[in-house]
>>> print(open('start.tsv').read())   # TSV, C-alpha atoms
chain	number	residue	atom	x	y	z
N	1	MET	CA	8.47	-31.33	-9.67
N	2	THR	CA	8.29	-30.65	-13.40
N	3	GLU	CA	9.52	-27.46	-15.03
N	4	ALA	CA	5.94	-26.56	-16.00
N	5	ALA	CA	4.82	-26.92	-12.37
N	6	ARG	CA	7.61	-24.62	-11.19
N	7	ASP	CA	6.48	-21.91	-13.63
N	8	LEU	CA	2.87	-22.10	-12.44
N	9	VAL	CA	1.65	-18.95	-10.67
N	10	LEU	CA	-1.38	-19.54	-8.45
N	11	PHE	CA	-1.68	-16.02	-7.07
N	12	ASP	CA	-0.06	-12.76	-8.12
N	13	ALA	CA	-1.12	-9.41	-6.71
N	14	THR	CA	0.45	-6.03	-6.08
N	15	LEU	CA	-1.04	-3.98	-3.26
N	16	ARG	CA	-0.66	-0.20	-3.39
N	17	PRO	CA	-2.13	2.62	-1.30
N	18	HIS	CA	-4.98	4.46	-2.97
N	19	ARG	CA	-4.27	8.00	-4.10
N	20	SER	CA	-7.24	9.89	-5.49
N	21	LEU	CA	-5.32	12.98	-6.56
N	22	GLY	CA	-3.28	12.65	-9.73
N	23	ARG	CA	-0.60	14.95	-11.11
N	24	ARG	CA	-3.07	17.23	-12.88
N	25	GLY	CA	-5.27	17.49	-9.79
N	26	PHE	CA	-2.20	18.28	-7.67
N	27	LEU	CA	-1.23	21.11	-10.04
N	28	LEU	CA	-4.76	22.53	-9.95
N	29	VAL	CA	-4.95	22.38	-6.14
N	30	MET	CA	-1.52	23.96	-5.76
N	31	ALA	CA	-2.44	26.70	-8.25
N	32	ALA	CA	-5.62	27.44	-6.27
N	33	VAL	CA	-3.77	27.43	-2.92
N	34	ALA	CA	-0.93	29.59	-4.28
N	35	GLY	CA	-3.33	31.99	-6.00
N	36	GLY	CA	-5.49	32.34	-2.90
N	37	GLY	CA	-2.47	32.76	-0.65
N	38	PHE	CA	-1.00	35.37	-2.97
N	39	LEU	CA	-4.24	37.37	-3.07
N	40	ILE	CA	-4.70	37.23	0.70
N	41	GLY	CA	-1.03	38.06	1.33
N	42	THR	CA	-1.15	40.98	-1.10
N	43	GLY	CA	-4.32	42.33	0.48
N	44	PHE	CA	-2.81	42.25	3.97
N	45	PHE	CA	0.47	43.70	2.68
N	46	LEU	CA	-1.37	46.65	1.12
N	47	ALA	CA	-3.34	47.13	4.34
N	48	GLY	CA	-0.08	47.48	6.26
N	49	ALA	CA	0.00	44.04	7.85
N	50	TRP	CA	3.02	42.96	5.84
N	51	PRO	CA	4.05	40.01	8.11
N	52	VAL	CA	0.87	38.19	7.08
N	53	ALA	CA	2.21	37.97	3.50
N	54	GLY	CA	5.17	35.92	4.74
N	55	PHE	CA	2.88	33.57	6.65
N	56	CYS	CA	0.77	33.09	3.51
N	57	GLY	CA	3.93	32.08	1.65
N	58	LEU	CA	4.84	29.70	4.46
N	59	GLU	CA	1.35	28.20	4.32
N	60	ILE	CA	1.72	27.52	0.59
N	61	LEU	CA	5.10	25.88	1.20
N	62	LEU	CA	3.70	23.65	3.96
N	63	VAL	CA	0.78	22.51	1.79
N	64	TYR	CA	3.27	21.68	-0.99
N	65	ILE	CA	5.49	19.69	1.39
N	66	ALA	CA	2.49	17.79	2.80
N	67	PHE	CA	1.39	16.76	-0.70
N	68	LYS	CA	4.89	15.69	-1.66
N	69	MET	CA	5.17	13.54	1.48
N	70	ASN	CA	1.79	11.99	0.67
N	71	PHE	CA	2.83	11.20	-2.91
N	72	ARG	CA	6.11	9.71	-1.70
N	73	GLU	CA	4.23	7.42	0.69
N	74	GLY	CA	2.01	6.40	-2.24
N	75	ARG	CA	5.03	4.67	-3.85
N	76	ARG	CA	4.84	1.98	-1.15
N	77	ALA	CA	3.79	-1.43	-2.46
N	78	GLU	CA	3.56	-5.09	-1.50
N	79	HIS	CA	3.79	-7.84	-4.09
N	80	LEU	CA	2.34	-11.28	-3.29
N	81	ARG	CA	3.25	-14.21	-5.54
N	82	LEU	CA	2.22	-17.82	-4.84
N	83	THR	CA	4.05	-20.50	-6.81
N	84	PRO	CA	4.74	-24.18	-6.06
N	85	ASP	CA	7.98	-23.02	-4.39
N	86	GLY	CA	6.15	-20.85	-1.85
N	87	LEU	CA	4.48	-17.52	-1.19
N	88	ASP	CA	6.87	-14.63	-1.69
N	89	VAL	CA	5.88	-11.32	-0.12
N	90	THR	CA	8.00	-8.45	-1.42
N	91	HIS	CA	7.71	-5.15	0.44
N	92	ILE	CA	8.72	-2.08	-1.59
N	93	ALA	CA	9.41	0.99	0.55
N	94	PRO	CA	8.73	4.54	-0.71
N	95	ASN	CA	12.47	5.02	-1.27
N	96	GLY	CA	12.57	1.94	-3.55
N	97	LYS	CA	14.26	-0.49	-1.15
N	98	GLN	CA	12.86	-4.01	-1.32
N	99	GLY	CA	12.69	-6.90	1.11
N	100	THR	CA	11.23	-10.35	0.47
N	101	LEU	CA	9.89	-12.89	2.92
N	102	ARG	CA	9.00	-16.43	1.82
N	103	PHE	CA	6.28	-18.55	3.42
N	104	GLU	CA	5.68	-22.28	3.04
N	105	PRO	CA	2.09	-22.42	1.65
N	106	THR	CA	1.24	-25.82	3.11
N	107	TRP	CA	1.09	-24.44	6.65
N	108	LEU	CA	0.25	-20.83	5.85
N	109	SER	CA	-2.67	-19.25	7.68
N	110	VAL	CA	-4.38	-16.09	6.39
N	111	GLN	CA	-6.10	-14.26	9.24
N	112	MET	CA	-8.62	-11.47	8.77
N	113	ASP	CA	-11.81	-10.41	10.54
N	114	ASP	CA	-15.03	-11.14	8.66
N	115	PRO	CA	-16.90	-8.84	8.62
N	116	PRO	CA	-13.98	-6.45	8.57
N	117	ARG	CA	-13.73	-3.63	11.09
N	118	HIS	CA	-11.79	-0.38	10.85
N	119	ASP	CA	-8.94	-1.80	12.94
N	120	SER	CA	-8.87	-5.22	11.22
N	121	ARG	CA	-5.46	-6.56	10.26
N	122	LEU	CA	-4.62	-8.92	7.41
N	123	THR	CA	-1.96	-11.26	8.77
N	124	LEU	CA	-0.01	-14.16	7.31
N	125	ARG	CA	1.27	-16.77	9.79
N	126	SER	CA	3.38	-19.86	9.32
N	127	HIS	CA	5.94	-21.66	11.49
N	128	GLY	CA	6.49	-18.79	13.90
N	129	LYS	CA	6.69	-16.15	11.19
N	130	GLN	CA	4.01	-13.48	11.16
N	131	LEU	CA	3.57	-10.62	8.72
N	132	GLU	CA	0.89	-7.96	8.42
N	133	ILE	CA	0.18	-7.05	4.81
N	134	GLY	CA	-1.94	-4.34	3.24
N	135	ALA	CA	-1.97	-2.09	6.31
N	136	PHE	CA	-2.70	0.84	3.97
N	137	LEU	CA	-5.81	-0.82	2.45
N	138	GLN	CA	-9.42	-0.22	3.43
N	139	PRO	CA	-10.99	-3.01	5.52
N	140	PHE	CA	-13.15	-4.31	2.65
N	141	GLU	CA	-10.06	-4.40	0.38
N	142	LYS	CA	-8.13	-6.39	2.98
N	143	LEU	CA	-10.99	-8.90	3.11
N	144	GLU	CA	-10.97	-9.24	-0.70
N	145	VAL	CA	-7.22	-9.96	-0.66
N	146	ALA	CA	-7.63	-12.44	2.22
N	147	GLU	CA	-10.40	-14.34	0.42
N	148	ALA	CA	-8.50	-14.45	-2.87
N	149	LEU	CA	-5.32	-15.63	-1.15
N	150	ARG	CA	-7.22	-18.28	0.83
N	151	ALA	CA	-8.77	-19.57	-2.41
N	152	ALA	CA	-5.31	-19.74	-4.03
N	153	LEU	CA	-3.94	-21.62	-1.02
N	154	ILE	CA	-6.79	-24.13	-1.29
N	155	ARG	CA	-5.94	-24.66	-4.98
N	156	TYR	CA	-2.29	-25.11	-3.99
N	157	ARG	CA	-3.11	-27.72	-1.34
N	158	GLU	CA	-5.53	-29.62	-3.62
N	159	THR	CA	-3.09	-29.91	-6.50
N	160	PRO	CA	-1.43	-33.35	-6.29
N	161	ALA	CA	1.73	-32.26	-8.17
N	162	PHE	CA	2.85	-30.17	-5.22
>>> encode(input="start.tsv", output="structure tokens")
Amino acid sequence: MTEAARDLVLFDATLRPHRSLGRRGFLLVMAAVAGGGFLIGTGFFLAGAWPVAGFCGLEILLVYIAFKMNFREGRRAEHLRLTPDGLDVTHIAPNGKQGTLRFEPTWLSVQMDDPPRHDSRLTLRSHGKQLEIGAFLQPFEKLEVAEALRAALIRYRETPAF
């Protein structure tokens, strides 16, 4: 195989979970939750129900923790790269740890329901190895990835240099 063929990339995609709330939106939501909690807590405190103020503070803290956990999970990613050497699937965990699994493209099967359902899974299979990818994607997004990857595999198999 020539050096140029080794450098050829037939498919390259990074899959990430969708997060609709950015940093600015998070700050605005937290300001609204904190402001509302403070007003409610102060009102109950002045009315003599002082324990409610503590629960309002706890509520604000729990909302903050829930958002932080959600944003941490949003750092998850999967990188798919198809070259003449194979299909490398790199899983990046929210804590930054990475793991890579390589598939031989000649025998690789991409399985996905069409039309996609809510519980559809996008699965790669080859020689006894099986891997679900894009579990965090919407069904229609999984189908788009499956179709694009299938098309890249067809190009791989039709190219005589490989």
>>> closest_residue(input="start.tsv", among="N:Leu80, N:Val52, N:Lys68, N:His91", to="Ala148 of chain N", atoms="all atoms listed in the file")
N:Leu80
>>> residues_around(input="start.tsv", residues="segment 123-133 of chain N", least_positions_apart="4", cutoff="10 Å", atoms="only C-alpha atoms", output="list of chain:residue names")
N:Leu15, N:Ala77, N:Glu78, N:His79, N:Leu80, N:Val89, N:His91, N:Leu101, N:Arg102, N:Phe103, N:Glu104, N:Pro105, N:Thr106, N:Trp107, N:Leu108, N:Ser109, N:Val110, N:Gln111, N:Met112, N:Leu137, N:Lys142, N:Val145, N:Ala146
>>> atom_distance(input="start.tsv", atom1="atom CA of Arg155 of chain N", atom2="atom CA of Leu8 of chain N")
11.8 Å
>>> closest_residue(input="start.tsv", among="N:Leu58, N:Ile65, N:Leu122, N:Ala13", to="Phe38 of chain N", atoms="only C-alpha atoms")
N:Leu58
>>> atom_distance(input="start.tsv", atom1="atom CA of Leu149 of chain N", atom2="atom CA of Gly96 of chain N")
25.2 Å
>>> atom_distance(input="start.tsv", atom1="atom CA of Pro17 of chain N", atom2="atom CA of Ile92 of chain N")
11.8 Å
>>> decode(input="start.tsv", residues="segment 84-133 of chain N", atoms="N, CA and C atoms", output="mmCIF file, in the first residue's frame")
data_model
loop_
_atom_site.group_PDB
_atom_site.id
_atom_site.type_symbol
_atom_site.label_atom_id
_atom_site.label_comp_id
_atom_site.auth_asym_id
_atom_site.auth_seq_id
_atom_site.Cartn_x
_atom_site.Cartn_y
_atom_site.Cartn_z
ATOM 1 N N PRO N 84 -7.525 3.240 5.298
ATOM 2 C CA PRO N 84 -7.219 1.920 4.734
ATOM 3 C C PRO N 84 -6.748 0.908 5.779
ATOM 4 N N ASP N 85 -6.245 1.378 6.914
ATOM 5 C CA ASP N 85 -5.790 0.476 7.971
ATOM 6 C C ASP N 85 -6.933 -0.086 8.807
ATOM 7 N N GLY N 86 -8.096 0.561 8.794
ATOM 8 C CA GLY N 86 -9.227 0.070 9.564
ATOM 9 C C GLY N 86 -10.103 1.197 10.076
ATOM 10 N N LEU N 87 -11.153 0.800 10.796
ATOM 11 C CA LEU N 87 -12.045 1.763 11.428
ATOM 12 C C LEU N 87 -11.670 1.827 12.898
ATOM 13 N N ASP N 88 -11.213 2.994 13.322
ATOM 14 C CA ASP N 88 -10.880 3.211 14.722
ATOM 15 C C ASP N 88 -12.040 3.945 15.385
ATOM 16 N N VAL N 89 -12.523 3.381 16.487
ATOM 17 C CA VAL N 89 -13.576 4.008 17.276
ATOM 18 C C VAL N 89 -12.960 4.367 18.622
ATOM 19 N N THR N 90 -12.823 5.670 18.869
ATOM 20 C CA THR N 90 -12.239 6.150 20.112
ATOM 21 C C THR N 90 -13.353 6.695 20.985
ATOM 22 N N HIS N 91 -13.494 6.114 22.167
ATOM 23 C CA HIS N 91 -14.497 6.553 23.141
ATOM 24 C C HIS N 91 -13.796 7.471 24.140
ATOM 25 N N ILE N 92 -14.342 8.673 24.315
ATOM 26 C CA ILE N 92 -13.789 9.635 25.264
ATOM 27 C C ILE N 92 -14.802 9.806 26.387
ATOM 28 N N ALA N 93 -14.432 9.394 27.580
ATOM 29 C CA ALA N 93 -15.307 9.464 28.748
ATOM 30 C C ALA N 93 -15.374 10.901 29.265
ATOM 31 N N PRO N 94 -16.383 11.219 30.064
ATOM 32 C CA PRO N 94 -16.495 12.581 30.607
ATOM 33 C C PRO N 94 -15.267 13.017 31.413
ATOM 34 N N ASN N 95 -14.559 12.066 32.003
ATOM 35 C CA ASN N 95 -13.370 12.433 32.783
ATOM 36 C C ASN N 95 -12.122 12.565 31.912
ATOM 37 N N GLY N 96 -12.255 12.368 30.594
ATOM 38 C CA GLY N 96 -11.140 12.540 29.673
ATOM 39 C C GLY N 96 -10.424 11.257 29.298
ATOM 40 N N LYS N 97 -10.718 10.151 29.962
ATOM 41 C CA LYS N 97 -10.067 8.883 29.622
ATOM 42 C C LYS N 97 -10.541 8.413 28.252
ATOM 43 N N GLN N 98 -9.594 7.832 27.493
ATOM 44 C CA GLN N 98 -9.895 7.391 26.134
ATOM 45 C C GLN N 98 -9.613 5.910 25.973
ATOM 46 N N GLY N 99 -10.390 5.287 25.121
ATOM 47 C CA GLY N 99 -10.174 3.896 24.748
ATOM 48 C C GLY N 99 -10.493 3.751 23.276
ATOM 49 N N THR N 100 -9.674 2.991 22.545
ATOM 50 C CA THR N 100 -9.858 2.838 21.109
ATOM 51 C C THR N 100 -10.042 1.364 20.763
ATOM 52 N N LEU N 101 -10.970 1.120 19.874
ATOM 53 C CA LEU N 101 -11.219 -0.220 19.365
ATOM 54 C C LEU N 101 -11.123 -0.148 17.841
ATOM 55 N N ARG N 102 -10.381 -1.080 17.251
ATOM 56 C CA ARG N 102 -10.197 -1.089 15.796
ATOM 57 C C ARG N 102 -10.986 -2.242 15.183
ATOM 58 N N PHE N 103 -11.655 -1.915 14.067
ATOM 59 C CA PHE N 103 -12.417 -2.911 13.311
ATOM 60 C C PHE N 103 -11.802 -3.053 11.925
ATOM 61 N N GLU N 104 -11.826 -4.270 11.400
ATOM 62 C CA GLU N 104 -11.425 -4.530 10.017
ATOM 63 C C GLU N 104 -12.610 -4.157 9.131
ATOM 64 N N PRO N 105 -12.480 -3.157 8.254
ATOM 65 C CA PRO N 105 -13.622 -2.671 7.466
ATOM 66 C C PRO N 105 -14.170 -3.662 6.444
ATOM 67 N N THR N 106 -13.361 -4.593 5.996
ATOM 68 C CA THR N 106 -13.821 -5.516 4.962
ATOM 69 C C THR N 106 -15.028 -6.324 5.431
ATOM 70 N N TRP N 107 -15.036 -6.697 6.691
ATOM 71 C CA TRP N 107 -16.093 -7.549 7.231
ATOM 72 C C TRP N 107 -17.027 -6.803 8.162
ATOM 73 N N LEU N 108 -16.879 -5.511 8.263
ATOM 74 C CA LEU N 108 -17.656 -4.721 9.220
ATOM 75 C C LEU N 108 -19.112 -4.589 8.790
ATOM 76 N N SER N 109 -20.000 -4.778 9.742
ATOM 77 C CA SER N 109 -21.431 -4.634 9.512
ATOM 78 C C SER N 109 -21.954 -3.498 10.392
ATOM 79 N N VAL N 110 -22.687 -2.576 9.773
ATOM 80 C CA VAL N 110 -23.302 -1.470 10.506
ATOM 81 C C VAL N 110 -24.787 -1.781 10.605
ATOM 82 N N GLN N 111 -25.285 -1.944 11.817
ATOM 83 C CA GLN N 111 -26.682 -2.334 12.011
ATOM 84 C C GLN N 111 -27.453 -1.215 12.699
ATOM 85 N N MET N 112 -28.602 -0.895 12.086
ATOM 86 C CA MET N 112 -29.467 0.163 12.595
ATOM 87 C C MET N 112 -30.857 -0.027 12.002
ATOM 88 N N ASP N 113 -31.889 0.166 12.812
ATOM 89 C CA ASP N 113 -33.260 0.068 12.325
ATOM 90 C C ASP N 113 -33.567 1.209 11.359
ATOM 91 N N ASP N 114 -34.273 0.882 10.279
ATOM 92 C CA ASP N 114 -34.717 1.912 9.342
ATOM 93 C C ASP N 114 -36.157 1.601 8.969
ATOM 94 N N PRO N 115 -37.119 2.377 9.372
ATOM 95 C CA PRO N 115 -37.008 3.652 10.061
ATOM 96 C C PRO N 115 -36.613 3.469 11.532
ATOM 97 N N PRO N 116 -35.908 4.453 12.049
ATOM 98 C CA PRO N 116 -35.451 4.338 13.435
ATOM 99 C C PRO N 116 -36.604 4.472 14.431
ATOM 100 N N ARG N 117 -36.474 3.728 15.520
ATOM 101 C CA ARG N 117 -37.423 3.821 16.625
ATOM 102 C C ARG N 117 -36.702 4.432 17.824
ATOM 103 N N HIS N 118 -37.459 4.745 18.848
ATOM 104 C CA HIS N 118 -36.871 5.361 20.045
ATOM 105 C C HIS N 118 -35.802 4.470 20.671
ATOM 106 N N ASP N 119 -36.003 3.157 20.641
ATOM 107 C CA ASP N 119 -35.060 2.235 21.274
ATOM 108 C C ASP N 119 -34.049 1.638 20.284
ATOM 109 N N SER N 120 -33.931 2.212 19.094
ATOM 110 C CA SER N 120 -32.995 1.714 18.094
ATOM 111 C C SER N 120 -31.554 1.890 18.564
ATOM 112 N N ARG N 121 -30.735 0.907 18.208
ATOM 113 C CA ARG N 121 -29.321 0.947 18.564
ATOM 114 C C ARG N 121 -28.491 0.935 17.292
ATOM 115 N N LEU N 122 -27.433 1.715 17.290
ATOM 116 C CA LEU N 122 -26.469 1.733 16.191
ATOM 117 C C LEU N 122 -25.304 0.854 16.628
ATOM 118 N N THR N 123 -25.126 -0.265 15.923
ATOM 119 C CA THR N 123 -24.155 -1.261 16.348
ATOM 120 C C THR N 123 -23.184 -1.591 15.225
ATOM 121 N N LEU N 124 -21.910 -1.699 15.582
ATOM 122 C CA LEU N 124 -20.872 -2.150 14.663
ATOM 123 C C LEU N 124 -20.522 -3.583 15.044
ATOM 124 N N ARG N 125 -20.430 -4.459 14.035
ATOM 125 C CA ARG N 125 -20.100 -5.868 14.287
ATOM 126 C C ARG N 125 -19.084 -6.356 13.263
ATOM 127 N N SER N 126 -18.093 -7.077 13.781
ATOM 128 C CA SER N 126 -17.101 -7.689 12.912
ATOM 129 C C SER N 126 -16.311 -8.721 13.692
ATOM 130 N N HIS N 127 -16.251 -9.930 13.164
ATOM 131 C CA HIS N 127 -15.431 -11.009 13.731
ATOM 132 C C HIS N 127 -15.629 -11.186 15.238
ATOM 133 N N GLY N 128 -16.846 -11.249 15.681
ATOM 134 C CA GLY N 128 -17.123 -11.486 17.091
ATOM 135 C C GLY N 128 -17.083 -10.256 17.967
ATOM 136 N N LYS N 129 -16.609 -9.153 17.431
ATOM 137 C CA LYS N 129 -16.600 -7.906 18.197
ATOM 138 C C LYS N 129 -17.885 -7.145 17.897
ATOM 139 N N GLN N 130 -18.461 -6.571 18.921
ATOM 140 C CA GLN N 130 -19.676 -5.786 18.765
ATOM 141 C C GLN N 130 -19.545 -4.540 19.625
ATOM 142 N N LEU N 131 -19.973 -3.405 19.072
ATOM 143 C CA LEU N 131 -19.874 -2.147 19.799
ATOM 144 C C LEU N 131 -21.064 -1.270 19.451
ATOM 145 N N GLU N 132 -21.760 -0.798 20.475
ATOM 146 C CA GLU N 132 -22.821 0.186 20.251
ATOM 147 C C GLU N 132 -22.188 1.565 20.286
ATOM 148 N N ILE N 133 -22.518 2.367 19.280
ATOM 149 C CA ILE N 133 -22.006 3.737 19.239
ATOM 150 C C ILE N 133 -23.178 4.704 19.204
#
